[in-house]
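Novice: File follows, input.cif with mmCIF, C-alpha atoms and all ligand atoms:
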data_data
loop_
_atom_site.label_atom_id
_atom_site.label_comp_id
_atom_site.auth_asym_id
_atom_site.auth_seq_id
_atom_site.Cartn_x
_atom_site.Cartn_y
_atom_site.Cartn_z
CA MET M 1 127.63 -71.06 -5.26
CA PRO M 2 130.44 -71.27 -7.88
CA VAL M 3 132.91 -74.15 -7.93
CA ILE M 4 136.37 -73.12 -6.75
CA GLU M 5 139.17 -75.26 -8.12
CA VAL M 6 142.93 -75.06 -7.55
CA ALA M 7 145.10 -76.22 -10.46
CA ARG M 8 146.46 -79.78 -10.13
CA GLN M 9 149.96 -78.37 -9.78
CA ALA M 10 150.29 -74.89 -8.36
CA GLY M 11 152.47 -72.90 -6.03
CA ALA M 12 155.84 -73.43 -4.48
CA CYS M 13 157.92 -76.16 -6.08
CA TYR M 14 160.02 -78.68 -4.18
CA GLY M 15 163.18 -76.52 -4.31
CA VAL M 16 161.48 -73.37 -3.02
CA GLU M 17 159.65 -75.17 -0.18
CA ARG M 18 162.93 -76.81 0.79
CA ALA M 19 164.85 -73.50 0.80
CA LEU M 20 162.15 -71.87 2.89
CA LYS M 21 162.23 -74.72 5.40
CA MET M 22 166.02 -74.55 5.63
CA ALA M 23 165.95 -70.77 6.20
CA LEU M 24 163.34 -71.15 8.96
CA GLU M 25 165.30 -73.95 10.61
CA ALA M 26 168.44 -71.79 10.48
CA SER M 27 166.60 -68.90 12.15
CA ASP M 28 165.18 -71.19 14.87
CA SER M 29 168.55 -72.63 15.80
CA ALA M 30 170.91 -69.67 15.24
CA SER M 31 172.03 -67.38 18.04
CA GLN M 32 173.61 -64.99 15.52
CA PRO M 33 171.97 -63.11 12.62
CA VAL M 34 170.69 -65.11 9.65
CA HIS M 35 170.87 -63.63 6.15
CA THR M 36 169.72 -64.92 2.80
CA LEU M 37 171.85 -64.08 -0.22
CA GLY M 38 169.30 -61.90 -1.97
CA PRO M 39 165.55 -62.25 -1.26
CA LEU M 40 164.90 -65.96 -0.67
CA ILE M 41 162.03 -65.97 -3.16
CA HIS M 42 160.17 -63.42 -5.30
CA ASN M 43 157.34 -63.10 -2.85
CA PRO M 44 157.10 -59.92 -0.75
CA LEU M 45 154.80 -61.52 1.86
CA VAL M 46 157.18 -64.38 2.50
CA VAL M 47 160.20 -62.06 2.57
CA ALA M 48 158.40 -59.80 5.09
CA ASP M 49 157.50 -62.82 7.22
CA LEU M 50 161.13 -63.98 7.20
CA GLU M 51 162.29 -60.50 8.20
CA GLU M 52 159.95 -60.62 11.19
CA ARG M 53 161.73 -63.79 12.25
CA GLY M 54 165.08 -62.02 11.89
CA VAL M 55 166.04 -63.47 8.49
CA ARG M 56 167.17 -60.59 6.25
CA PRO M 57 168.43 -60.48 2.69
CA ALA M 58 172.04 -59.40 2.11
CA ALA M 59 173.38 -58.43 -1.30
CA ASP M 60 176.66 -60.30 -0.81
CA PRO M 61 178.69 -62.12 1.88
CA ALA M 62 180.40 -58.85 2.87
CA GLU M 63 177.03 -57.21 3.64
CA ALA M 64 175.96 -60.23 5.71
CA GLY M 65 178.99 -59.64 7.94
CA SER M 66 178.63 -62.42 10.52
CA GLY M 67 176.32 -65.27 11.45
CA THR M 68 174.61 -67.57 8.95
CA LEU M 69 174.22 -67.09 5.22
CA VAL M 70 171.49 -69.07 3.45
CA ILE M 71 172.10 -69.72 -0.25
CA ARG M 72 168.74 -69.67 -2.05
CA ALA M 73 167.35 -72.33 -4.40
CA HIS M 74 168.83 -70.59 -7.50
CA GLY M 75 172.35 -71.49 -6.34
CA VAL M 76 175.58 -69.50 -6.68
CA THR M 77 179.11 -69.82 -8.04
CA PRO M 78 181.66 -71.80 -5.97
CA GLN M 79 183.51 -68.48 -5.45
CA VAL M 80 180.57 -67.00 -3.52
CA ILE M 81 180.51 -69.93 -1.10
CA ALA M 82 184.29 -69.76 -0.71
CA ASP M 83 184.07 -66.01 -0.05
CA ALA M 84 181.34 -66.50 2.59
CA GLU M 85 183.31 -69.25 4.34
CA ALA M 86 186.51 -67.20 4.24
CA ARG M 87 184.61 -64.45 6.10
CA GLY M 88 183.65 -66.92 8.81
CA LEU M 89 179.97 -67.13 7.85
CA ALA M 90 178.16 -70.42 8.47
CA VAL M 91 176.78 -71.36 5.05
CA VAL M 92 173.43 -73.12 4.71
CA ASP M 93 173.34 -74.22 1.10
CA ALA M 94 169.67 -74.38 0.05
CA THR M 95 170.51 -74.66 -3.66
CA CYS M 96 167.77 -76.79 -5.23
CA PRO M 97 169.09 -80.30 -5.95
CA TYR M 98 167.86 -79.90 -9.55
CA VAL M 99 170.01 -76.78 -9.91
CA LYS M 100 172.93 -78.70 -8.41
CA ARG M 101 172.41 -81.25 -11.15
CA VAL M 102 172.98 -78.46 -13.73
CA HIS M 103 176.15 -77.40 -11.89
CA ARG M 104 177.49 -80.95 -12.01
CA ALA M 105 176.57 -81.38 -15.69
CA ALA M 106 178.29 -78.10 -16.64
CA ALA M 107 181.40 -78.95 -14.62
CA ARG M 108 181.59 -82.41 -16.17
CA LEU M 109 181.29 -81.03 -19.71
CA ALA M 110 183.98 -78.42 -19.02
CA ALA M 111 186.28 -81.09 -17.53
CA GLU M 112 185.80 -83.22 -20.66
CA GLY M 113 186.94 -80.34 -22.85
CA TYR M 114 183.58 -79.05 -24.11
CA GLN M 115 182.85 -75.35 -24.45
CA VAL M 116 179.71 -75.02 -22.35
CA LEU M 117 176.68 -73.15 -23.66
CA VAL M 118 174.01 -72.35 -21.09
CA VAL M 119 170.58 -71.85 -22.61
CA GLY M 120 168.88 -69.32 -20.36
CA GLU M 121 168.41 -65.73 -19.30
CA SER M 122 171.79 -64.07 -19.00
CA GLY M 123 171.96 -62.10 -15.76
CA HIS M 124 169.51 -64.41 -13.98
CA PRO M 125 171.03 -65.52 -10.65
CA GLU M 126 170.60 -69.21 -11.49
CA VAL M 127 172.46 -68.73 -14.79
CA GLN M 128 175.23 -66.76 -13.07
CA GLY M 129 175.66 -69.65 -10.65
CA ILE M 130 175.77 -72.21 -13.47
CA LEU M 131 178.42 -70.16 -15.30
CA GLY M 132 180.61 -70.40 -12.21
CA HIS M 133 180.74 -74.19 -12.73
CA ALA M 134 180.98 -74.17 -16.51
CA GLY M 135 184.62 -73.32 -17.19
CA GLU M 136 186.39 -70.40 -18.88
CA GLY M 137 184.86 -70.37 -22.36
CA ALA M 138 181.24 -70.82 -21.24
CA ARG M 139 178.61 -68.60 -22.83
CA VAL M 140 174.91 -67.89 -22.26
CA VAL M 141 172.42 -67.88 -25.13
CA SER M 142 168.78 -67.04 -24.64
CA ASP M 143 167.73 -68.30 -28.06
CA GLU M 144 169.08 -69.39 -31.44
CA ASP M 145 169.54 -65.75 -32.57
CA ASP M 146 172.18 -65.28 -29.88
CA LEU M 147 174.36 -67.85 -31.66
CA ALA M 148 174.97 -65.50 -34.58
CA GLY M 149 178.48 -64.14 -34.37
CA LEU M 150 179.36 -66.32 -31.36
CA ALA M 151 182.81 -67.92 -31.64
CA LEU M 152 182.26 -71.62 -31.01
CA CYS M 153 184.79 -74.37 -30.31
CA ASP M 154 184.60 -77.67 -32.17
CA LYS M 155 183.29 -79.48 -29.06
CA VAL M 156 180.23 -77.83 -27.57
CA GLY M 157 178.24 -79.03 -24.56
CA VAL M 158 174.80 -77.60 -23.80
CA VAL M 159 173.03 -77.32 -20.47
CA VAL M 160 169.87 -75.37 -19.80
CA GLN M 161 168.46 -73.16 -17.03
CA THR M 162 165.93 -75.27 -15.14
CA THR M 163 162.93 -73.05 -15.94
CA GLN M 164 163.41 -72.84 -19.72
CA THR M 165 161.10 -74.61 -22.16
CA ALA M 166 162.01 -77.73 -24.12
CA GLU M 167 161.00 -75.84 -27.27
CA ARG M 168 163.63 -73.16 -26.72
CA LEU M 169 166.30 -75.75 -26.03
CA ALA M 170 165.34 -77.64 -29.20
CA HIS M 171 165.65 -74.48 -31.32
CA VAL M 172 169.13 -73.73 -30.00
CA VAL M 173 170.25 -77.32 -30.49
CA ALA M 174 168.88 -77.37 -34.05
CA ALA M 175 170.82 -74.19 -34.84
CA LEU M 176 174.03 -75.72 -33.44
CA VAL M 177 173.86 -78.87 -35.53
CA GLY M 178 176.18 -78.33 -38.49
CA ARG M 179 178.11 -75.56 -36.78
CA VAL M 180 180.19 -77.73 -34.48
CA GLY M 181 182.05 -81.04 -34.85
CA GLU M 182 180.81 -82.58 -31.61
CA LEU M 183 177.66 -81.63 -29.78
CA ARG M 184 176.58 -82.93 -26.39
CA VAL M 185 173.26 -81.87 -24.91
CA ILE M 186 172.27 -82.46 -21.29
CA ASN M 187 168.64 -81.57 -20.75
CA THR M 188 168.56 -80.03 -17.28
CA ILE M 189 165.06 -78.54 -17.47
CA CYS M 190 163.01 -79.04 -14.31
CA GLU M 191 159.50 -80.25 -15.03
CA ALA M 192 157.96 -78.26 -12.15
CA THR M 193 157.57 -75.18 -14.34
CA SER M 194 156.07 -76.87 -17.40
CA GLU M 195 153.74 -78.98 -15.22
CA ARG M 196 152.41 -75.83 -13.52
CA GLN M 197 151.92 -74.12 -16.87
CA ALA M 198 150.08 -77.08 -18.38
CA ALA M 199 147.82 -77.40 -15.31
CA ALA M 200 147.05 -73.64 -15.34
CA ALA M 201 146.23 -73.71 -19.07
CA GLU M 202 143.92 -76.69 -18.66
CA LEU M 203 142.05 -75.08 -15.76
CA ALA M 204 141.85 -71.63 -17.42
CA GLU M 205 140.19 -73.21 -20.49
CA ARG M 206 137.17 -74.21 -18.39
CA SER M 207 137.02 -71.39 -15.83
CA ASP M 208 135.04 -68.13 -15.88
CA VAL M 209 137.55 -66.39 -13.63
CA MET M 210 141.20 -67.22 -13.02
CA ILE M 211 143.11 -65.97 -10.00
CA VAL M 212 146.90 -66.16 -10.27
CA ILE M 213 148.71 -65.69 -6.96
CA GLY M 214 152.34 -64.61 -6.74
CA GLY M 215 154.81 -61.75 -6.57
CA ARG M 216 154.47 -59.12 -9.30
CA GLU M 217 158.24 -59.36 -9.81
CA SER M 218 158.11 -63.12 -10.20
CA GLY M 219 158.78 -64.00 -13.83
CA ASN M 220 157.18 -67.45 -13.61
CA THR M 221 153.99 -66.01 -12.01
CA ARG M 222 153.68 -63.39 -14.74
CA ARG M 223 154.09 -66.13 -17.35
CA LEU M 224 151.32 -68.16 -15.65
CA ALA M 225 149.05 -65.09 -15.70
CA GLN M 226 149.74 -64.61 -19.41
CA ILE M 227 148.95 -68.29 -20.16
CA CYS M 228 145.68 -67.99 -18.22
CA ARG M 229 144.71 -64.66 -19.83
CA GLU M 230 145.07 -66.22 -23.30
CA ARG M 231 142.39 -68.74 -22.31
CA CYS M 232 140.27 -66.83 -19.79
CA MET M 233 139.82 -63.09 -20.26
CA ASN M 234 138.77 -62.65 -16.66
CA THR M 235 142.23 -63.40 -15.22
CA HIS M 236 143.63 -61.47 -12.25
CA HIS M 237 147.19 -61.59 -10.91
CA ILE M 238 147.23 -60.88 -7.17
CA GLU M 239 149.97 -60.90 -4.54
CA ASP M 240 147.63 -61.22 -1.60
CA ALA M 241 144.07 -62.37 -0.85
CA ALA M 242 143.26 -58.82 0.33
CA GLU M 243 143.33 -57.65 -3.31
CA LEU M 244 140.34 -59.81 -4.31
CA ASP M 245 137.37 -57.83 -5.66
CA ALA M 246 133.84 -59.25 -5.32
CA ALA M 247 132.89 -57.82 -8.75
CA TRP M 248 135.28 -60.26 -10.48
CA PHE M 249 133.09 -63.19 -9.45
CA ASP M 250 129.70 -61.88 -10.59
CA GLU M 251 127.93 -64.68 -12.48
CA ALA M 252 131.01 -66.93 -12.34
CA GLU M 253 130.24 -70.64 -12.23
CA ARG M 254 133.81 -71.88 -12.00
CA ILE M 255 136.67 -70.02 -10.36
CA GLY M 256 140.14 -71.34 -11.10
CA ILE M 257 143.21 -70.68 -8.98
CA THR M 258 146.87 -71.12 -9.71
CA ALA M 259 150.05 -69.77 -8.14
CA GLY M 260 153.65 -69.13 -9.04
CA ALA M 261 156.59 -71.24 -7.91
CA SER M 262 157.29 -68.84 -5.05
CA THR M 263 153.83 -68.98 -3.48
CA PRO M 264 153.64 -71.23 -0.41
CA ALA M 265 150.61 -73.54 -0.04
CA GLU M 266 149.37 -71.54 2.93
CA GLN M 267 148.89 -68.43 0.73
CA ILE M 268 146.81 -70.46 -1.72
CA GLU M 269 144.64 -71.77 1.12
CA ARG M 270 144.12 -68.22 2.42
CA THR M 271 143.01 -67.06 -1.02
CA VAL M 272 140.56 -69.97 -1.41
CA ALA M 273 139.04 -69.14 2.00
CA GLN M 274 138.75 -65.45 1.11
CA ILE M 275 137.05 -66.22 -2.24
CA GLU M 276 134.59 -68.47 -0.42
CA ARG M 277 133.76 -65.58 1.92
CA VAL M 278 133.45 -63.07 -0.93
CA VAL M 279 131.12 -65.18 -3.09
CA ALA M 280 128.96 -66.17 -0.10
CA ALA M 281 128.43 -62.54 0.93
FE1 LIG E 301 164.17 -76.54 -8.17
FE2 LIG E 301 162.65 -76.89 -10.24
FE3 LIG E 301 161.85 -75.39 -8.28
S1 LIG E 301 164.81 -76.52 -10.26
S2 LIG E 301 163.69 -74.52 -7.42
S3 LIG E 301 162.21 -77.60 -8.19
S4 LIG E 301 161.52 -74.98 -10.44
#
Could you take the file, read its structure, and then write that structure out as structure tokens?

Specialist:
Amino acid sequence: MPVIEVARQAGACYGVERALKMALEASDSASQPVHTLGPLIHNPLVVADLEERGVRPAADPAEAGSGTLVIRAHGVTPQVIADAEARGLAVVDATCPYVKRVHRAAARLAAEGYQVLVVGESGHPEVQGILGHAGEGARVVSDEDDLAGLALCDKVGVVVQTTQTAERLAHVVAALVGRVGELRVINTICEATSERQAAAAELAERSDVMIVIGGRESGNTRRLAQICRERCMNTHHIEDAAELDAAWFDEAERIGITAGASTPAEQIERTVAQIERVVAA
């Protein structure tokens, strides 16, 4: 019987678990419809489960119409909350406290006269939300190459999307030194992502098979699968335990499991149980 081991840190992070709990509480207590602003997390199973409980995604406050609107962990701009409240929606703000910390840092820098640079993925909902707190001249850069041709003020303040790597932040900061008179950097990276990646890498190194659980659209799950594949050729990214194939485990002595930040603990447990059944058969 092979050893089945789940990575030390795997699956839903604090902010995602919290948002999920808040959405479920809202649906239990609300007499009117409950919407989430966009899918609550990049996990089709969880989104389908929420829909069964009457919690549906809405693209914007106008689409939600009436009832309760849950703001997901990524956060939003202050304008979105104001718009929802002006429409009479009850807002449940499930923005992750670590994302709120970025909002506060960006707002403080802007108030102190810094041009805010957000290191992150432009277009990502979290980054859009941060921009809404970062003042007029704020810009997004994904890496140091994006700085070329960017008009910079003399005072620049840097914040960073929570899921970025310290390495990327360091490269941008190094490229800024010498280009501006005053540079202030607030490291707002959340360690949940890097801890999950390090734990997955360590486990993949010593596993014969790696199973990575999470939505196919989830960027952080795909990144985990890539990290595992670089260390364990027999890596499989699945969304659901039903996708497991007995042939993957032939001759495996150690089976490693990790999961993206949008995979609840219960999905990991289901996968472990299913692997146990498959290898025992
Ligand atoms: Fe929050 Fe960090 Fe998760 S910012 S949503 S705990 S990845």

Novice: I'd like the neighbourhood of stretch 151-163 of chain M as a ChimeraX atom specification, where a residue qualifies if any of its atoms comes within 7 Å (using only C-alpha atoms), though same-chain residues fewer than 6 positions away should be ignored.

Specialist: /M:99,102,106,109,114-120,127,180-190,193

Novice: Between M:Ala110, M:Ala62, M:Met210, M:Val55, which is the closest to M:Arg254 once you count only C-alpha atoms?

Specialist: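 For M:Arg254, the nearest of the candidates is M:Met210.
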
Novice: Got a sec: who's within 10 Å of M:Thr221, counting only C-alpha atoms, leaving out chain neighbours fewer than 5 positions off, as number ranges by chain?

Specialist: M: 11, 42, 197, 212-216, 226-227, 237-239, 258-263

Novice: Just how far from atom CA of M:Arg222 is atom CA of M:Glu266, in Å to one decimal?

Specialist: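 Calculated distance between atom CA of M:Glu266 and atom CA of M:Arg222 is 19.9 Å.
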
Novice: Rounded to one decimal place, report the atom CA of M:Pro57-atom CA of M:Ala82 distance in Å.

Specialist: 18.7 Å

Novice: Please determine, counting only C-alpha atoms and all ligand atoms, which residue among M:Pro2, M:Gly65, M:Gly219, M:Gly149 has the shortest atom-to-atom distance to ligand LIG 301 (chain E).

Specialist: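 Smallest separation from ligand LIG 301 (chain E) among the options: M:Gly219.
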
Novice: Hey, which of M:Arg8, M:Arg277, M:Arg18, M:Arg139 ends up closest to ligand LIG 301 (chain E)? Count only C-alpha atoms and all ligand atoms.

Specialist: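 Looking at the shortest contact to ligand LIG 301 (chain E), the residue is M:Arg18.
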
Novice: I want to know what sits within 10 Å of M:Ala201, based on only C-alpha atoms, with residues of the same chain fewer than 6 positions away left out; could you give that as a PyMOL selection string?

Specialist: chain M and resi 7+195+224-232+258

Novice: Need to verify the contact set: M:Gly67, 9 Å, only C-alpha atoms, exclusion of same-chain residues closer than 3 positions in sequence. Can you return it as number ranges by chain?

Specialist: M: 30-35, 64, 88-91

Novice: Please put the answer as AutoDock Vina command-line options: centre and edge lengths, in Å with one decimal, of a box along x, y and z that encloses all listed atoms of ligand LIG 301 (chain E) plus 4 Å on each side.

Specialist:
--center_x 163.2 --center_y -76.1 --center_z -8.9 --size_x 11.3 --size_y 11.1 --size_z 11.0

Novice: I'd like the neighbourhood of M:Ala246 as a PDB file with C-alpha atoms, keeping the file's coordinate frame, where a residue qualifies if any of its atoms comes within 8 Å (using all atoms listed in the file), though same-chain residues fewer than 4 positions away should be ignored.

Specialist:
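So the final result, stored in part.pdb, reads:
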ATOM      1  CA  ASP M 250     129.700 -61.880 -10.590  1.00  0.00           C
ATOM      2  CA  VAL M 278     133.450 -63.070  -0.930  1.00  0.00           C
ATOM      3  CA  VAL M 279     131.120 -65.180  -3.090  1.00  0.00           C
TER       4      VAL M 279
END
